file protein-v5.cif (mmCIF, C-alpha atoms and all ligand atoms)
data_final
loop_
_atom_site.label_atom_id
_atom_site.label_comp_id
_atom_site.auth_asym_id
_atom_site.auth_seq_id
_atom_site.Cartn_x
_atom_site.Cartn_y
_atom_site.Cartn_z
CA MET X 1 39.96 -19.77 -49.52
CA LEU X 2 41.12 -22.55 -47.23
CA ILE X 3 39.46 -25.79 -46.15
CA ASP X 4 39.78 -27.27 -42.68
CA THR X 5 39.79 -30.97 -43.53
CA HIS X 6 39.54 -32.10 -39.90
CA ALA X 7 37.53 -30.17 -37.31
CA HIS X 8 35.17 -31.39 -34.58
CA LEU X 9 32.76 -28.47 -34.58
CA SER X 10 29.90 -30.42 -32.98
CA HIS X 11 32.19 -31.37 -30.04
CA HIS X 12 30.77 -30.52 -26.60
CA GLN X 13 33.77 -28.22 -26.08
CA PHE X 14 32.04 -25.92 -28.59
CA ASP X 15 28.80 -25.87 -26.57
CA ALA X 16 27.90 -22.61 -24.71
CA GLN X 17 30.50 -19.79 -24.43
CA PHE X 18 34.22 -20.53 -24.56
CA PRO X 19 37.60 -18.96 -25.39
CA TYR X 20 39.05 -19.91 -28.77
CA LEU X 21 42.17 -19.31 -30.85
CA ALA X 22 41.97 -16.70 -33.59
CA ARG X 23 44.42 -14.62 -35.64
CA GLU X 24 44.81 -10.85 -35.65
CA ASP X 25 47.65 -9.02 -37.41
CA GLU X 26 49.66 -12.22 -37.93
CA SER X 27 49.51 -13.17 -34.24
CA PHE X 28 47.46 -15.63 -32.27
CA VAL X 29 44.82 -14.09 -30.01
CA LEU X 30 41.94 -15.43 -27.96
CA HIS X 31 38.33 -14.60 -28.71
CA THR X 32 35.27 -15.63 -26.71
CA GLY X 33 32.06 -16.82 -28.29
CA THR X 34 29.70 -19.63 -29.18
CA ARG X 35 29.82 -22.32 -31.89
CA ALA X 36 27.67 -20.13 -34.18
CA GLN X 37 30.05 -17.19 -33.70
CA VAL X 38 33.10 -19.36 -34.43
CA ILE X 39 31.48 -20.58 -37.67
CA GLU X 40 30.59 -17.02 -38.67
CA GLU X 41 34.17 -15.92 -37.97
CA LEU X 42 35.59 -18.86 -39.95
CA GLN X 43 33.47 -17.94 -42.96
CA ALA X 44 34.46 -14.27 -42.71
CA ALA X 45 38.14 -15.31 -42.55
CA GLY X 46 37.91 -17.25 -45.82
CA ILE X 47 37.63 -20.77 -44.42
CA GLY X 48 35.26 -22.10 -47.06
CA ALA X 49 34.44 -25.52 -45.63
CA CYS X 50 35.17 -27.93 -42.79
CA VAL X 51 35.16 -31.71 -42.87
CA GLU X 52 34.01 -33.13 -39.55
CA PRO X 53 34.82 -36.78 -38.78
CA ALA X 54 33.25 -38.77 -35.96
CA ILE X 55 35.04 -39.57 -32.70
CA GLY X 56 32.89 -41.69 -30.38
CA PHE X 57 29.95 -43.54 -31.86
CA SER X 58 27.30 -41.07 -30.63
CA SER X 59 29.16 -38.16 -32.24
CA ASN X 60 27.95 -39.43 -35.64
CA ARG X 61 24.39 -38.23 -35.04
CA LYS X 62 25.55 -34.92 -33.56
CA LEU X 63 27.79 -34.09 -36.49
CA LEU X 64 25.20 -35.14 -39.08
CA ALA X 65 22.78 -32.71 -37.40
CA LEU X 66 25.35 -29.90 -37.51
CA ALA X 67 26.12 -30.66 -41.16
CA ALA X 68 22.39 -30.40 -41.93
CA GLU X 69 22.37 -27.00 -40.21
CA TYR X 70 25.34 -25.76 -42.27
CA PRO X 71 25.01 -27.42 -45.68
CA GLY X 72 27.90 -26.59 -47.99
CA PHE X 73 30.07 -25.63 -45.04
CA VAL X 74 30.19 -28.61 -42.64
CA PHE X 75 30.82 -31.86 -44.54
CA PRO X 76 30.37 -34.96 -42.39
CA ALA X 77 32.40 -38.18 -42.19
CA VAL X 78 30.98 -41.08 -40.21
CA GLY X 79 32.90 -43.73 -38.35
CA VAL X 80 34.36 -44.57 -35.00
CA HIS X 81 37.75 -43.48 -33.66
CA PRO X 82 40.12 -46.36 -32.77
CA SER X 83 40.47 -45.40 -29.11
CA ARG X 84 36.64 -45.33 -28.79
CA THR X 85 36.04 -48.84 -30.11
CA TYR X 86 35.83 -50.21 -26.56
CA LEU X 87 34.67 -47.38 -24.27
CA ALA X 88 34.10 -43.71 -24.95
CA HIS X 89 33.93 -40.99 -22.31
CA THR X 90 31.66 -38.21 -23.45
CA VAL X 91 28.88 -35.91 -22.24
CA ASP X 92 25.16 -36.16 -23.01
CA ALA X 93 22.84 -33.41 -24.27
CA ARG X 94 22.43 -32.08 -20.71
CA GLY X 95 26.19 -31.86 -20.20
CA HIS X 96 26.38 -34.92 -17.91
CA LYS X 97 29.40 -37.20 -18.19
CA VAL X 98 28.57 -40.59 -19.70
CA VAL X 99 30.54 -43.67 -20.64
CA GLU X 100 29.50 -45.39 -23.86
CA ARG X 101 30.28 -49.02 -24.51
CA LEU X 102 30.56 -49.88 -28.20
CA HIS X 103 29.15 -53.19 -29.41
CA TRP X 104 30.23 -54.99 -32.57
CA ALA X 105 26.58 -55.18 -33.67
CA GLN X 106 26.55 -51.38 -33.94
CA ARG X 107 28.42 -51.61 -37.23
CA LYS X 108 24.99 -52.06 -38.84
CA GLU X 109 23.92 -48.69 -37.42
CA LEU X 110 27.09 -47.16 -38.84
CA ALA X 111 26.43 -48.66 -42.25
CA ALA X 112 22.93 -47.10 -42.12
CA LEU X 113 24.32 -43.66 -41.23
CA VAL X 114 26.56 -43.71 -44.30
CA GLU X 115 23.42 -43.66 -46.43
CA ASP X 116 23.02 -39.95 -45.57
CA PRO X 117 23.89 -38.31 -48.92
CA ALA X 118 25.85 -35.56 -47.15
CA VAL X 119 28.54 -38.03 -45.98
CA VAL X 120 31.89 -37.43 -47.72
CA ALA X 121 34.19 -39.96 -45.99
CA ILE X 122 34.58 -42.74 -43.43
CA GLY X 123 36.45 -41.86 -40.24
CA GLU X 124 38.17 -41.29 -38.04
CA THR X 125 39.38 -44.85 -38.26
CA GLY X 126 42.80 -46.40 -37.75
CA LEU X 127 44.88 -47.56 -34.79
CA ASP X 128 45.86 -45.75 -31.60
CA TYR X 129 48.43 -47.36 -29.29
CA HIS X 130 49.16 -44.42 -27.01
CA LEU X 131 47.44 -45.85 -23.91
CA ALA X 132 48.88 -48.58 -21.67
CA ARG X 133 48.85 -51.91 -23.52
CA LYS X 134 45.99 -53.47 -21.54
CA GLU X 135 43.77 -50.46 -22.24
CA GLN X 136 44.38 -50.50 -25.99
CA HIS X 137 42.14 -53.45 -26.96
CA ARG X 138 44.14 -53.93 -30.15
CA LEU X 139 42.02 -56.73 -31.56
CA ARG X 140 38.89 -54.60 -31.32
CA GLN X 141 40.67 -51.62 -32.87
CA LYS X 142 41.89 -53.77 -35.76
CA ALA X 143 38.48 -55.35 -36.33
CA TRP X 144 36.77 -51.94 -36.50
CA PHE X 145 39.56 -50.54 -38.68
CA VAL X 146 39.35 -53.33 -41.26
CA TRP X 147 35.55 -53.22 -41.20
CA GLN X 148 35.52 -49.44 -41.79
CA LEU X 149 38.03 -49.80 -44.64
CA HIS X 150 35.66 -52.29 -46.22
CA LEU X 151 32.70 -49.95 -45.65
CA ALA X 152 34.64 -47.16 -47.39
CA HIS X 153 35.25 -49.55 -50.27
CA THR X 154 31.61 -50.59 -50.67
CA GLU X 155 30.57 -46.91 -50.53
CA GLN X 156 33.53 -45.78 -52.70
CA LEU X 157 34.44 -43.15 -50.12
CA PRO X 158 37.82 -41.88 -48.91
CA VAL X 159 39.00 -42.66 -45.36
CA ILE X 160 40.13 -40.28 -42.64
CA LEU X 161 42.87 -42.10 -40.76
CA HIS X 162 43.87 -41.61 -37.15
CA VAL X 163 47.14 -43.44 -36.51
CA ARG X 164 49.00 -42.83 -33.27
CA LYS X 165 52.09 -44.82 -32.25
CA ALA X 166 50.83 -47.60 -34.52
CA ASP X 167 52.17 -46.83 -37.99
CA LYS X 168 53.71 -50.29 -38.53
CA ASP X 169 50.47 -52.18 -37.88
CA ALA X 170 48.32 -49.58 -39.65
CA LEU X 171 50.50 -49.65 -42.77
CA ALA X 172 50.41 -53.47 -42.81
CA ILE X 173 46.58 -53.40 -42.73
CA LEU X 174 46.39 -50.64 -45.35
CA ARG X 175 48.76 -52.51 -47.67
CA ARG X 176 46.85 -55.76 -47.24
CA HIS X 177 43.61 -54.01 -48.17
CA ARG X 178 45.07 -51.64 -50.73
CA ASN X 179 42.32 -52.53 -53.22
CA TRP X 180 39.72 -51.17 -50.81
CA LEU X 181 41.26 -47.69 -50.74
CA HIS X 182 39.52 -44.87 -52.60
CA GLY X 183 41.90 -42.21 -51.35
CA GLY X 184 42.15 -40.82 -47.89
CA VAL X 185 44.16 -38.76 -45.49
CA CYS X 186 46.53 -39.60 -42.68
CA HIS X 187 45.20 -37.02 -40.26
CA CYS X 188 47.45 -35.03 -37.89
CA PHE X 189 50.55 -36.35 -39.61
CA GLY X 190 53.60 -35.86 -37.38
CA GLY X 191 56.26 -38.18 -38.81
CA GLY X 192 59.34 -37.78 -40.97
CA PRO X 193 59.88 -38.07 -44.74
CA GLU X 194 60.06 -41.89 -44.86
CA LEU X 195 56.80 -42.34 -43.02
CA ALA X 196 55.23 -39.66 -45.22
CA ALA X 197 56.32 -41.60 -48.33
CA ALA X 198 54.90 -44.86 -46.91
CA TYR X 199 51.44 -43.26 -46.73
CA THR X 200 51.61 -41.27 -49.97
CA ASP X 201 52.76 -44.43 -51.83
CA LEU X 202 49.34 -45.84 -50.94
CA GLY X 203 47.72 -42.82 -52.60
CA LEU X 204 46.93 -41.23 -49.24
CA LYS X 205 47.37 -37.56 -48.38
CA LEU X 206 48.88 -36.03 -45.24
CA GLY X 207 46.78 -33.83 -42.95
CA ILE X 208 49.04 -30.98 -41.81
CA GLY X 209 47.97 -28.67 -39.00
CA GLY X 210 48.87 -27.28 -35.60
CA ALA X 211 51.69 -29.82 -35.08
CA LEU X 212 53.70 -27.89 -37.70
CA LEU X 213 53.47 -24.77 -35.51
CA GLU X 214 54.23 -26.57 -32.26
CA GLN X 215 57.71 -26.58 -30.73
CA SER X 216 58.49 -30.25 -30.20
CA ALA X 217 61.27 -32.80 -30.65
CA ARG X 218 59.52 -34.21 -33.72
CA LEU X 219 59.28 -30.84 -35.51
CA PRO X 220 62.48 -31.00 -37.65
CA ALA X 221 61.46 -34.40 -39.10
CA LEU X 222 57.92 -33.16 -39.78
CA GLU X 223 59.27 -30.03 -41.48
CA GLU X 224 61.44 -32.19 -43.71
CA ALA X 225 58.47 -34.39 -44.54
CA VAL X 226 56.39 -31.35 -45.53
CA ALA X 227 59.26 -29.92 -47.60
CA ARG X 228 59.71 -33.21 -49.50
CA THR X 229 56.09 -34.31 -49.95
CA PRO X 230 54.51 -33.18 -53.24
CA LEU X 231 51.96 -30.43 -52.72
CA GLU X 232 49.20 -32.59 -54.27
CA SER X 233 49.53 -34.92 -51.26
CA ILE X 234 49.01 -32.24 -48.62
CA LEU X 235 45.78 -31.14 -46.93
CA LEU X 236 45.39 -28.49 -44.23
CA GLU X 237 43.56 -29.31 -41.01
CA THR X 238 43.26 -28.35 -37.35
CA ASP X 239 41.70 -31.20 -35.34
CA ALA X 240 39.80 -28.36 -33.58
CA PRO X 241 39.23 -28.10 -30.62
CA TYR X 242 42.51 -30.04 -30.17
CA VAL X 243 46.18 -29.76 -31.36
CA LYS X 244 46.93 -26.12 -30.63
CA PRO X 245 50.08 -24.47 -32.00
CA SER X 246 52.72 -23.01 -29.67
CA CYS X 247 51.64 -19.46 -28.85
CA PRO X 248 54.46 -17.85 -26.85
CA ASP X 249 52.59 -14.52 -26.68
CA LEU X 250 49.61 -16.02 -24.87
CA ARG X 251 49.56 -16.94 -21.20
CA ALA X 252 49.86 -20.73 -20.85
CA LYS X 253 46.93 -20.95 -18.45
CA ARG X 254 44.58 -19.06 -20.79
CA LEU X 255 45.78 -21.01 -23.80
CA ARG X 256 45.14 -24.32 -22.04
CA LYS X 257 41.45 -23.44 -21.66
CA ALA X 258 41.08 -22.24 -25.25
CA ARG X 259 39.71 -24.30 -28.16
CA ASN X 260 41.68 -24.58 -31.37
CA THR X 261 39.83 -23.39 -34.50
CA GLY X 262 40.30 -23.21 -38.26
CA LEU X 263 41.26 -19.57 -37.80
CA ILE X 264 44.86 -20.80 -37.41
CA LEU X 265 44.88 -22.27 -40.95
CA PRO X 266 46.43 -19.22 -42.69
CA ALA X 267 49.43 -19.59 -40.34
CA VAL X 268 49.73 -23.29 -41.26
CA ALA X 269 49.48 -22.49 -44.98
CA ARG X 270 52.19 -19.85 -44.60
CA ARG X 271 54.56 -22.28 -42.85
CA VAL X 272 53.96 -24.96 -45.52
CA ALA X 273 54.73 -22.31 -48.17
CA GLU X 274 57.98 -21.29 -46.44
CA LEU X 275 59.12 -24.91 -46.23
CA LYS X 276 58.35 -25.55 -49.89
CA GLY X 277 59.59 -22.23 -51.28
CA LEU X 278 56.12 -21.31 -52.58
CA THR X 279 53.72 -18.46 -51.93
CA THR X 280 50.97 -18.83 -49.34
CA GLU X 281 48.42 -18.32 -52.15
CA GLU X 282 49.85 -21.25 -54.11
CA VAL X 283 49.59 -23.49 -51.04
CA ALA X 284 46.07 -22.26 -50.31
CA ARG X 285 44.89 -22.89 -53.87
CA ALA X 286 46.46 -26.35 -54.17
CA THR X 287 45.40 -27.67 -50.76
CA THR X 288 41.85 -26.42 -51.31
CA GLU X 289 41.72 -28.19 -54.67
CA ASN X 290 43.15 -31.35 -53.10
CA ALA X 291 40.47 -31.33 -50.39
CA ALA X 292 37.63 -30.56 -52.80
CA GLU X 293 38.73 -33.38 -55.09
CA LEU X 294 39.34 -35.99 -52.37
CA PHE X 295 36.04 -35.38 -50.58
CA GLY X 296 34.02 -34.55 -53.71
CA LEU X 297 33.03 -31.15 -52.36
CA GLY X 298 32.16 -29.82 -55.80
CA LYS X 299 32.30 -26.11 -56.41
CA ILE X 300 32.46 -24.49 -53.02
ZN ZN S 401 40.19 -35.66 -34.83
#
call {"tool": "encode", "arguments": {"input": "protein-v5.cif", "output": "structure tokens", "more": "lines below"}}
Ligand SMILES: [Zn+2]
result
Amino acid sequence: MLIDTHAHLSHHQFDAQFPYLAREDESFVLHTGTRAQVIEELQAAGIGACVEPAIGFSSNRKLLALAAEYPGFVFPAVGVHPSRTYLAHTVDARGHKVVERLHWAQRKELAALVEDPAVVAIGETGLDYHLARKEQHRLRQKAWFVWQLHLAHTEQLPVILHVRKADKDALAILRRHRNWLHGGVCHCFGGGPELAAAYTDLGLKLGIGGALLEQSARLPALEEAVARTPLESILLETDAPYVKPSCPDLRAKRLRKARNTGLILPAVARRVAELKGLTTEEVARATTENAAELFGLGKI
């Protein structure tokens, strides 16, 4: 059994019918279906649970509703993603594009949502500096990050971190508030061994997913980080519907339209095993235990 520790299954990209990534005979293929079909296929493929963190503020209610529909399979995390702390572009229930403006006063609403007993973590929270400087709103991002770290502390919950092009500032904040940490994961980790050690020294785990199967300039450093990081600090994840692996056998145009899913996790586990000189089963067992322990998933 494997656990997808980072999937956005309530995302509007999983509404209606859509093409999605799956595995058949050790290769990536595309299937077409609905959210319910994807979840059924995940369960049949041995994906025992998914942790779903929030992106924009309104996604919190959507994912809590999905978690209530799939208890014991979808485990929710509430929060607000750093790049959505100012504006969030999303779609409403009727599929219309909407722009949400986040207000500082909404942190009270977030604190209320955490009271849902199904909630297993706070996130995604962190810092994201990938946009042009004037669109980053760094002060807002930092204020929401520190506030969510404190919320995680008062609730004694782990954090799901999203850090993009902002490791220096994020690490400084994490170190300053080290006493507030009750474990967590640096999601979609893509750095080298030194950066990996900086996070694991804080007791945080690394979320490893599609980036490990993606041909990119950063791949050799990431492979080295995975090889050197102790297995107890590694979690498997997808960031579905995002962060697709390289799939040379699939037509680029078709792949672009497809959603990523947890069905790629066996391929990630296998690559982690190769890099660490272990069997895929050993990686599966350990990463599942790591996830169950960090998020308090009990016996799943
Ligand atoms: Zn995500």
call {"tool": "residues_around", "arguments": {"input": "protein-v5.cif", "residues": "range 10-26 of chain X", "least_positions_apart": "3", "cutoff": "10 Å", "atoms": "only C-alpha atoms", "output": "MDAnalysis selection string"}}
result
chainID X and resid 7 29:38 41:42 45 52:55 59:67 74 90:93 95 240:242 244:245 247 254:267
call {"tool": "residues_around", "arguments": {"input": "protein-v5.cif", "residues": "range 279-295 of chain X", "least_positions_apart": "3", "cutoff": "6 Å", "atoms": "only C-alpha atoms", "output": "PyMOL selection string"}}
result
chain X and resi 2-3+120+235+269-270+273
call {"tool": "write_last_selection", "arguments": {"input": "protein-v5.cif", "atoms": "C-alpha atoms", "output": "compact mmCIF listing (two decimals), in the frame of the given file"}}
result
# COMPACT_ATOMS: atom_id res chain seq x y z
CA LEU X 2 41.12 -22.55 -47.23
CA ILE X 3 39.46 -25.79 -46.15
CA VAL X 120 31.89 -37.43 -47.72
CA LEU X 235 45.78 -31.14 -46.93
CA ALA X 269 49.48 -22.49 -44.98
CA ARG X 270 52.19 -19.85 -44.60
CA ALA X 273 54.73 -22.31 -48.17
call {"tool": "atom_distance", "arguments": {"input": "protein-v5.cif", "atom1": "CA of His81 in chain X", "atom2": "CA of Glu224 in chain X"}}
result
28.1 Å
call {"tool": "atom_distance", "arguments": {"input": "protein-v5.cif", "atom1": "CA of Gly210 in chain X", "atom2": "CA of Pro248 in chain X"}}
result
14.0 Å
call {"tool": "atom_distance", "arguments": {"input": "protein-v5.cif", "atom1": "CA of Gly296 in chain X", "atom2": "CA of Ala105 in chain X"}}
result
29.7 Å
call {"tool": "residues_near_point", "arguments": {"input": "protein-v5.cif", "point": "(32.0, -42.4, -37.1)", "cutoff": "6 Å", "atoms": "all atoms listed in the file", "output": "list in words"}}
result
Ala54, Phe57, Asn60, Val78, Gly79, Val80 and Gly123 of chain X
call {"tool": "write_last_selection", "arguments": {"input": "protein-v5.cif", "atoms": "C-alpha atoms", "output": "PDB file, in the frame of the given file"}}
result
ATOM      1  CA  ALA X  54      33.250 -38.770 -35.960  1.00  0.00           C
ATOM      2  CA  PHE X  57      29.950 -43.540 -31.860  1.00  0.00           C
ATOM      3  CA  ASN X  60      27.950 -39.430 -35.640  1.00  0.00           C
ATOM      4  CA  VAL X  78      30.980 -41.080 -40.210  1.00  0.00           C
ATOM      5  CA  GLY X  79      32.900 -43.730 -38.350  1.00  0.00           C
ATOM      6  CA  VAL X  80      34.360 -44.570 -35.000  1.00  0.00           C
ATOM      7  CA  GLY X 123      36.450 -41.860 -40.240  1.00  0.00           C
TER       8      GLY X 123
END
call {"tool": "residues_around", "arguments": {"input": "protein-v5.cif", "residues": "Gln148 in chain X", "least_positions_apart": "3", "cutoff": "10 Å", "atoms": "only C-alpha atoms", "output": "short mmCIF file (atom, residue, chain, number, x, y, z; two decimals) with C-alpha atoms, keeping the file's coordinate frame"}}
result
data_model
loop_
_atom_site.label_atom_id
_atom_site.label_comp_id
_atom_site.auth_asym_id
_atom_site.auth_seq_id
_atom_site.Cartn_x
_atom_site.Cartn_y
_atom_site.Cartn_z
CA VAL X 78 30.98 -41.08 -40.21
CA GLY X 79 32.90 -43.73 -38.35
CA VAL X 80 34.36 -44.57 -35.00
CA ARG X 107 28.42 -51.61 -37.23
CA LEU X 110 27.09 -47.16 -38.84
CA ALA X 111 26.43 -48.66 -42.25
CA ILE X 122 34.58 -42.74 -43.43
CA GLY X 123 36.45 -41.86 -40.24
CA GLU X 124 38.17 -41.29 -38.04
CA THR X 125 39.38 -44.85 -38.26
CA GLY X 126 42.80 -46.40 -37.75
CA LYS X 142 41.89 -53.77 -35.76
CA ALA X 143 38.48 -55.35 -36.33
CA TRP X 144 36.77 -51.94 -36.50
CA PHE X 145 39.56 -50.54 -38.68
CA LEU X 151 32.70 -49.95 -45.65
CA ALA X 152 34.64 -47.16 -47.39
CA HIS X 153 35.25 -49.55 -50.27
CA THR X 154 31.61 -50.59 -50.67
CA VAL X 159 39.00 -42.66 -45.36
#
call {"tool": "residues_around", "arguments": {"input": "protein-v5.cif", "residues": "Ala196 in chain X", "least_positions_apart": "4", "cutoff": "12 Å", "atoms": "all atoms listed in the file", "output": "compact mmCIF listing (two decimals) with C-alpha atoms, in the frame of the given file"}}
result
# COMPACT_ATOMS: atom_id res chain seq x y z
CA ASP X 167 52.17 -46.83 -37.99
CA LEU X 171 50.50 -49.65 -42.77
CA VAL X 185 44.16 -38.76 -45.49
CA CYS X 186 46.53 -39.60 -42.68
CA HIS X 187 45.20 -37.02 -40.26
CA CYS X 188 47.45 -35.03 -37.89
CA PHE X 189 50.55 -36.35 -39.61
CA GLY X 190 53.60 -35.86 -37.38
CA GLY X 191 56.26 -38.18 -38.81
CA GLY X 192 59.34 -37.78 -40.97
CA THR X 200 51.61 -41.27 -49.97
CA ASP X 201 52.76 -44.43 -51.83
CA LEU X 202 49.34 -45.84 -50.94
CA GLY X 203 47.72 -42.82 -52.60
CA LEU X 204 46.93 -41.23 -49.24
CA LYS X 205 47.37 -37.56 -48.38
CA LEU X 206 48.88 -36.03 -45.24
CA GLY X 207 46.78 -33.83 -42.95
CA ILE X 208 49.04 -30.98 -41.81
CA ALA X 221 61.46 -34.40 -39.10
CA LEU X 222 57.92 -33.16 -39.78
CA GLU X 223 59.27 -30.03 -41.48
CA GLU X 224 61.44 -32.19 -43.71
CA ALA X 225 58.47 -34.39 -44.54
CA VAL X 226 56.39 -31.35 -45.53
CA ALA X 227 59.26 -29.92 -47.60
CA ARG X 228 59.71 -33.21 -49.50
CA THR X 229 56.09 -34.31 -49.95
CA PRO X 230 54.51 -33.18 -53.24
CA SER X 233 49.53 -34.92 -51.26
CA ILE X 234 49.01 -32.24 -48.62
call {"tool": "closest_residue", "arguments": {"input": "protein-v5.cif", "among": "X:Arg178, X:Arg218, X:His162, X:His137", "to": "ligand ZN 401 (chain S)", "atoms": "only C-alpha atoms and all ligand atoms"}}
result
X:His162
call {"tool": "closest_residue", "arguments": {"input": "protein-v5.cif", "among": "X:Ala121, X:Ile47, X:Ile160, X:Ala172", "to": "ligand ZN 401 (chain S)", "atoms": "all atoms listed in the file"}}
result
X:Ile160
call {"tool": "closest_residue", "arguments": {"input": "protein-v5.cif", "among": "X:Ile39, X:Ala49, X:Val243, X:Leu131", "to": "ligand ZN 401 (chain S)", "atoms": "only C-alpha atoms and all ligand atoms"}}
result
X:Val243
call {"tool": "closest_residue", "arguments": {"input": "protein-v5.cif", "among": "X:Thr238, X:Thr5, X:Ser27, X:Ser83", "to": "Glu135 in chain X", "atoms": "all atoms listed in the file"}}
result
X:Ser83
call {"tool": "residues_around", "arguments": {"input": "protein-v5.cif", "residues": "range 86-89 of chain X", "least_positions_apart": "6", "cutoff": "6 Å", "atoms": "all atoms listed in the file", "output": "PyMOL selection string"}}
result
chain X and resi 56+98-102
call {"tool": "write_last_selection", "arguments": {"input": "protein-v5.cif", "atoms": "C-alpha atoms", "output": "PDB file, in the frame of the given file"}}
result
ATOM      1  CA  GLY X  56      32.890 -41.690 -30.380  1.00  0.00           C
ATOM      2  CA  VAL X  98      28.570 -40.590 -19.700  1.00  0.00           C
ATOM      3  CA  VAL X  99      30.540 -43.670 -20.640  1.00  0.00           C
ATOM      4  CA  GLU X 100      29.500 -45.390 -23.860  1.00  0.00           C
ATOM      5  CA  ARG X 101      30.280 -49.020 -24.510  1.00  0.00           C
ATOM      6  CA  LEU X 102      30.560 -49.880 -28.200  1.00  0.00           C
TER       7      LEU X 102
END
call {"tool": "closest_residue", "arguments": {"input": "protein-v5.cif", "among": "X:His6, X:Gly209, X:Ser216, X:Asn179", "to": "ligand ZN 401 (chain S)", "atoms": "all atoms listed in the file"}}
result
X:His6
call {"tool": "closest_residue", "arguments": {"input": "protein-v5.cif", "among": "X:Asp128, X:Glu274, X:Asp239, X:Asp249", "to": "ligand ZN 401 (chain S)", "atoms": "only C-alpha atoms and all ligand atoms"}}
result
X:Asp239
call {"tool": "decode", "arguments": {"input": "protein-v5.cif", "residues": "range 169-193 of chain X", "atoms": "C-alpha atoms", "output": "mmCIF file, in the first residue's frame"}}
result
data_model
loop_
_atom_site.group_PDB
_atom_site.id
_atom_site.type_symbol
_atom_site.label_atom_id
_atom_site.label_comp_id
_atom_site.auth_asym_id
_atom_site.auth_seq_id
_atom_site.Cartn_x
_atom_site.Cartn_y
_atom_site.Cartn_z
ATOM 1 C CA ASP X 169 13.543 33.125 4.014
ATOM 2 C CA ALA X 170 11.403 30.063 4.755
ATOM 3 C CA LEU X 171 14.207 28.342 6.666
ATOM 4 C CA ALA X 172 14.860 31.527 8.679
ATOM 5 C CA ILE X 173 11.175 31.658 9.712
ATOM 6 C CA LEU X 174 11.070 27.925 10.471
ATOM 7 C CA ARG X 175 14.217 28.141 12.595
ATOM 8 C CA ARG X 176 12.919 31.178 14.469
ATOM 9 C CA HIS X 177 9.698 29.324 15.289
ATOM 10 C CA ARG X 178 11.227 25.892 15.721
ATOM 11 C CA ASN X 179 9.348 25.384 19.000
ATOM 12 C CA TRP X 180 6.055 25.651 17.122
ATOM 13 C CA LEU X 181 6.844 22.707 14.840
ATOM 14 C CA HIS X 182 5.069 19.401 15.418
ATOM 15 C CA GLY X 183 6.555 17.760 12.348
ATOM 16 C CA GLY X 184 5.728 18.464 8.771
ATOM 17 C CA VAL X 185 6.706 17.968 5.189
ATOM 18 C CA CYS X 186 8.483 20.109 2.646
ATOM 19 C CA HIS X 187 6.167 19.311 -0.234
ATOM 20 C CA CYS X 188 7.398 18.846 -3.829
ATOM 21 C CA PHE X 189 10.998 18.902 -2.685
ATOM 22 C CA GLY X 190 13.309 19.585 -5.634
ATOM 23 C CA GLY X 191 16.617 20.665 -4.087
ATOM 24 C CA GLY X 192 19.971 19.039 -3.453
ATOM 25 C CA PRO X 193 21.408 17.209 -0.418
#
